[in-house]
Amino acid sequence: MSRTSLALATSLACAAALAVEPGPAAAQDRPLSPAGHSATQVAGATFDAQYGSLHGPWLDVHYGRPIKRGRDLFGLPDWAEALNDGAPVWRAGANQTTRLVTEVPLVFGGTRVEPGEYTLFIDLADEGWTFIVSAWPAQRNYDFENTDALFGAFDYTADRDVLRMPMELDTLPVSFDQLSWQFVDMTPTGGRLALLWDERMASVAFTVAQ
């Protein structure tokens, strides 16, 4: 889906919404895929008893949280195309581009990622998922005239990739109805960054660079 077609679809959706008399649910103006945020502290975060606060660098992931809503997310023949929604890779969430913000250098699969803000994508395939850290900036609100930053994964190109690495795929004993990014198996020196949705968990290991 191009930026022009996405802008047209957005305009049509807004017009259709205005044509429908709002009910109680519409009056709440509740987003179908609300914004999500996951955070942790690393590198030996310490508690300051005098001020009651923790000191240590933060890691944050900001993303959109789609809900399963009874869909067969990963069982249909065209499941990857459906999640990509016309983009070359998956935004690994909904609506906005997924962003990683780190206050400390990290190492993923031997590649060092310096402190800063990055965008995250997943290249989906039956034989395996590939985790992508990109230097593409992210749009907070969709602007089809802004070609210097991405909204979702539309117009993503690989020339700004910082790293690509295979993800570990696991089957969960429960089904997550709403997509979630989480930091798991954390220690002061690293852990795993994991995406959980339905009965899938896709994760990558990382360490805090010395």
# chains A, B, ... in the order shown; residues from 1 in each chain; ligands from 1
>>> residues_around(residues="Leu120 of chain A", least_positions_apart="2", cutoff="6 Å", atoms="only C-alpha atoms", output="ChimeraX atom specification")
/A:98-99,132-133
>>> write_last_selection(atoms="C-alpha atoms", output="tab-separated table (two decimals), in the first residue's frame")
chain	number	residue	atom	x	y	z
A	98	THR	CA	7.34	0.23	16.68
A	99	ARG	CA	10.21	2.13	18.34
A	132	ILE	CA	15.17	-5.81	12.20
A	133	VAL	CA	16.56	-2.75	13.95
>>> residues_around(residues="Thr157 of chain A", least_positions_apart="6", cutoff="10 Å", atoms="only C-alpha atoms", output="JSON, numbers by chain")
{"A": [88, 89, 134, 136, 150]}
>>> write_last_selection(atoms="C-alpha atoms", output="compact mmCIF listing (two decimals), in the first residue's frame")
# COMPACT_ATOMS: atom_id res chain seq x y z
CA PRO A 88 7.39 -5.08 2.71
CA VAL A 89 7.83 -6.10 6.38
CA SER A 134 16.42 0.24 11.62
CA TRP A 136 14.44 4.97 9.83
CA LEU A 150 7.86 6.06 8.35
>>> closest_residue(among="A:Gly190, A:Pro173, A:Gly64, A:Gly128", to="Gly152 of chain A", atoms="only C-alpha atoms")
A:Gly64
>>> closest_residue(among="A:His62, A:Arg200, A:His55, A:Arg30", to="Thr102 of chain A", atoms="only C-alpha atoms")
A:His62
>>> atom_distance(atom1="atom CA of Glu168 of chain A", atom2="atom CA of Trp129 of chain A")
8.0 Å
>>> select_by_dssp(residues="segment 35-205 of chain A", states="strand (DSSP E or B)", output="PyMOL selection string")
chain A and resi 35-41+46-48+53-55+58-64+67+90+98-102+106-108+111-113+116-123+130-134+138+150+161-166+168-187+190-205
>>> write_last_selection(atoms="C-alpha atoms", output="CSV table (one decimal), in the first residue's frame")
chain,number,residue,atom,x,y,z
A,35,ALA,CA,-0.7,2.5,22.1
A,36,GLY,CA,1.5,0.2,24.2
A,37,HIS,CA,4.7,0.8,26.1
A,38,SER,CA,7.1,-1.6,27.8
A,39,ALA,CA,10.1,-0.6,29.8
A,40,THR,CA,12.9,-1.9,32.0
A,41,GLN,CA,16.2,-0.8,33.6
A,46,THR,CA,20.3,0.5,42.1
A,47,PHE,CA,17.7,1.7,44.7
A,48,ASP,CA,18.4,5.1,46.4
A,53,SER,CA,14.1,6.0,43.5
A,54,LEU,CA,16.0,3.7,41.1
A,55,HIS,CA,19.1,4.7,39.2
A,58,TRP,CA,16.3,2.6,30.7
A,59,LEU,CA,15.1,0.6,27.7
A,60,ASP,CA,11.7,1.4,26.2
A,61,VAL,CA,9.6,-0.1,23.4
A,62,HIS,CA,6.6,2.0,22.1
A,63,TYR,CA,4.1,0.2,19.8
A,64,GLY,CA,0.5,-0.2,18.8
A,67,ILE,CA,-6.3,-7.4,19.4
A,90,TRP,CA,5.7,-6.2,9.5
A,98,THR,CA,7.3,0.2,16.7
A,99,ARG,CA,10.2,2.1,18.3
A,100,LEU,CA,13.1,1.1,20.6
A,101,VAL,CA,14.7,3.7,22.8
A,102,THR,CA,17.8,2.8,24.7
A,106,LEU,CA,23.2,-2.9,23.4
A,107,VAL,CA,24.5,-5.9,21.5
A,108,PHE,CA,22.2,-8.1,19.4
A,111,THR,CA,26.1,-6.2,16.5
A,112,ARG,CA,26.4,-3.1,18.7
A,113,VAL,CA,23.5,-0.7,18.8
A,116,GLY,CA,19.3,6.4,20.8
A,117,GLU,CA,15.9,5.8,19.2
A,118,TYR,CA,15.4,3.1,16.5
A,119,THR,CA,12.5,1.5,14.7
A,120,LEU,CA,11.7,-2.2,14.9
A,121,PHE,CA,10.3,-4.5,12.2
A,122,ILE,CA,10.0,-8.2,11.6
A,123,ASP,CA,10.5,-10.0,8.3
A,130,THR,CA,13.9,-12.0,11.2
A,131,PHE,CA,14.3,-9.2,13.7
A,132,ILE,CA,15.2,-5.8,12.2
A,133,VAL,CA,16.6,-2.7,14.0
A,134,SER,CA,16.4,0.2,11.6
A,138,ALA,CA,9.1,7.1,12.9
A,150,LEU,CA,7.9,6.1,8.3
A,161,ASP,CA,19.0,-1.4,8.6
A,162,VAL,CA,21.3,-1.4,11.7
A,163,LEU,CA,21.0,-5.2,12.1
A,164,ARG,CA,19.0,-8.3,11.1
A,165,MET,CA,19.0,-11.5,13.1
A,166,PRO,CA,16.9,-14.6,13.4
A,168,GLU,CA,13.6,-17.6,18.4
A,169,LEU,CA,10.0,-18.8,18.0
A,170,ASP,CA,8.2,-20.5,20.9
A,171,THR,CA,4.6,-21.8,21.4
A,172,LEU,CA,3.0,-20.5,24.5
A,173,PRO,CA,0.7,-22.5,26.8
A,174,VAL,CA,-1.8,-19.6,26.7
A,175,SER,CA,-3.1,-17.3,24.0
A,176,PHE,CA,-2.4,-13.5,24.2
A,177,ASP,CA,-5.4,-11.7,22.9
A,178,GLN,CA,-3.6,-8.4,22.6
A,179,LEU,CA,-0.1,-8.1,21.1
A,180,SER,CA,2.6,-7.3,23.6
A,181,TRP,CA,6.3,-6.4,23.6
A,182,GLN,CA,8.0,-7.5,26.8
A,183,PHE,CA,11.5,-7.7,28.3
A,184,VAL,CA,11.9,-11.3,29.6
A,185,ASP,CA,14.6,-13.2,31.4
A,186,MET,CA,16.3,-10.0,32.5
A,187,THR,CA,19.6,-9.8,34.4
A,190,GLY,CA,21.0,-8.3,29.4
A,191,GLY,CA,18.0,-10.4,28.6
A,192,ARG,CA,15.5,-11.0,25.8
A,193,LEU,CA,13.2,-8.7,23.9
A,194,ALA,CA,10.0,-10.6,23.1
A,195,LEU,CA,6.9,-10.1,21.1
A,196,LEU,CA,3.9,-12.1,22.3
A,197,TRP,CA,0.6,-12.6,20.4
A,198,ASP,CA,-1.8,-15.5,20.2
A,199,GLU,CA,0.2,-18.6,21.1
A,200,ARG,CA,3.4,-17.3,19.6
A,201,MET,CA,6.4,-15.7,21.3
A,202,ALA,CA,9.2,-14.4,19.0
A,203,SER,CA,12.3,-13.2,20.9
A,204,VAL,CA,15.9,-12.1,20.5
A,205,ALA,CA,18.7,-12.1,23.1
>>> select_by_dssp(residues="segment 59-164 of chain A", states="helix (DSSP H, G or I)", output="list in words")
Trp79, Ala80, Glu81, Ala82, Leu83, Asn84, Ala158, Asp159 and Arg160 of chain A
>>> write_last_selection(atoms="all heavy atoms", output="mmCIF file, in the first residue's frame")
data_model
loop_
_atom_site.group_PDB
_atom_site.id
_atom_site.type_symbol
_atom_site.label_atom_id
_atom_site.label_comp_id
_atom_site.auth_asym_id
_atom_site.auth_seq_id
_atom_site.Cartn_x
_atom_site.Cartn_y
_atom_site.Cartn_z
ATOM 1 N N TRP A 79 -1.010 -15.563 5.784
ATOM 2 C CA TRP A 79 -0.965 -14.883 7.082
ATOM 3 C C TRP A 79 0.086 -13.763 7.111
ATOM 4 O O TRP A 79 -0.147 -12.703 7.683
ATOM 5 C CB TRP A 79 -0.697 -15.884 8.211
ATOM 6 C CG TRP A 79 0.630 -16.571 8.136
ATOM 7 C CD1 TRP A 79 0.924 -17.726 7.477
ATOM 8 C CD2 TRP A 79 1.860 -16.131 8.733
ATOM 9 N NE1 TRP A 79 2.258 -18.039 7.625
ATOM 10 C CE2 TRP A 79 2.849 -17.091 8.394
ATOM 11 C CE3 TRP A 79 2.209 -15.050 9.527
ATOM 12 C CZ2 TRP A 79 4.176 -16.972 8.817
ATOM 13 C CZ3 TRP A 79 3.536 -14.914 9.951
ATOM 14 C CH2 TRP A 79 4.495 -15.881 9.597
ATOM 15 N N ALA A 80 1.236 -13.992 6.475
ATOM 16 C CA ALA A 80 2.287 -12.971 6.499
ATOM 17 C C ALA A 80 1.851 -11.734 5.718
ATOM 18 O O ALA A 80 2.058 -10.598 6.172
ATOM 19 C CB ALA A 80 3.585 -13.536 5.938
ATOM 20 N N GLU A 81 1.238 -11.928 4.555
ATOM 21 C CA GLU A 81 0.768 -10.799 3.762
ATOM 22 C C GLU A 81 -0.298 -10.014 4.508
ATOM 23 O O GLU A 81 -0.349 -8.776 4.440
ATOM 24 C CB GLU A 81 0.224 -11.284 2.421
ATOM 25 C CG GLU A 81 1.277 -11.789 1.449
ATOM 26 C CD GLU A 81 1.713 -13.218 1.731
ATOM 27 O OE1 GLU A 81 1.205 -13.810 2.701
ATOM 28 O OE2 GLU A 81 2.559 -13.730 0.989
ATOM 29 N N ALA A 82 -1.157 -10.736 5.250
ATOM 30 C CA ALA A 82 -2.205 -10.057 6.002
ATOM 31 C C ALA A 82 -1.622 -9.184 7.109
ATOM 32 O O ALA A 82 -2.072 -8.056 7.329
ATOM 33 C CB ALA A 82 -3.172 -11.091 6.592
ATOM 34 N N LEU A 83 -0.617 -9.684 7.815
ATOM 35 C CA LEU A 83 -0.006 -8.889 8.879
ATOM 36 C C LEU A 83 0.796 -7.724 8.302
ATOM 37 O O LEU A 83 0.809 -6.627 8.879
ATOM 38 C CB LEU A 83 0.899 -9.769 9.747
ATOM 39 C CG LEU A 83 0.181 -10.787 10.648
ATOM 40 C CD1 LEU A 83 1.191 -11.637 11.413
ATOM 41 C CD2 LEU A 83 -0.748 -10.087 11.635
ATOM 42 N N ASN A 84 1.469 -7.935 7.183
ATOM 43 C CA ASN A 84 2.229 -6.850 6.561
ATOM 44 C C ASN A 84 1.310 -5.745 6.039
ATOM 45 O O ASN A 84 1.713 -4.581 5.971
ATOM 46 C CB ASN A 84 3.084 -7.380 5.416
ATOM 47 C CG ASN A 84 4.271 -8.187 5.889
ATOM 48 O OD1 ASN A 84 4.591 -8.238 7.070
ATOM 49 N ND2 ASN A 84 4.931 -8.863 4.949
ATOM 50 N N ALA A 158 15.449 -1.412 3.210
ATOM 51 C CA ALA A 158 16.468 -2.066 4.039
ATOM 52 C C ALA A 158 17.780 -1.306 4.102
ATOM 53 O O ALA A 158 18.674 -1.698 4.868
ATOM 54 C CB ALA A 158 16.714 -3.483 3.515
ATOM 55 N N ASP A 159 17.909 -0.222 3.357
ATOM 56 C CA ASP A 159 19.201 0.474 3.309
ATOM 57 C C ASP A 159 19.560 1.139 4.637
ATOM 58 O O ASP A 159 20.714 1.493 4.857
ATOM 59 C CB ASP A 159 19.207 1.509 2.185
ATOM 60 C CG ASP A 159 18.064 2.512 2.313
ATOM 61 O OD1 ASP A 159 16.903 2.088 2.235
ATOM 62 O OD2 ASP A 159 18.344 3.715 2.486
ATOM 63 N N ARG A 160 18.566 1.310 5.540
ATOM 64 C CA ARG A 160 18.856 1.914 6.836
ATOM 65 C C ARG A 160 18.869 0.887 7.969
ATOM 66 O O ARG A 160 18.845 1.256 9.146
ATOM 67 C CB ARG A 160 17.845 3.024 7.144
ATOM 68 C CG ARG A 160 17.820 4.135 6.109
ATOM 69 C CD ARG A 160 17.046 5.341 6.590
ATOM 70 N NE ARG A 160 16.828 6.301 5.524
ATOM 71 C CZ ARG A 160 16.298 7.504 5.701
ATOM 72 N NH1 ARG A 160 15.929 7.897 6.911
ATOM 73 N NH2 ARG A 160 16.134 8.326 4.678
#
>>> closest_residue(among="A:Pro115, A:Asp72, A:Leu124, A:Pro66", to="Ala87 of chain A", atoms="only C-alpha atoms")
A:Leu124
>>> atom_distance(atom1="atom CA of Pro31 of chain A", atom2="atom CA of Leu73 of chain A")
20.2 Å
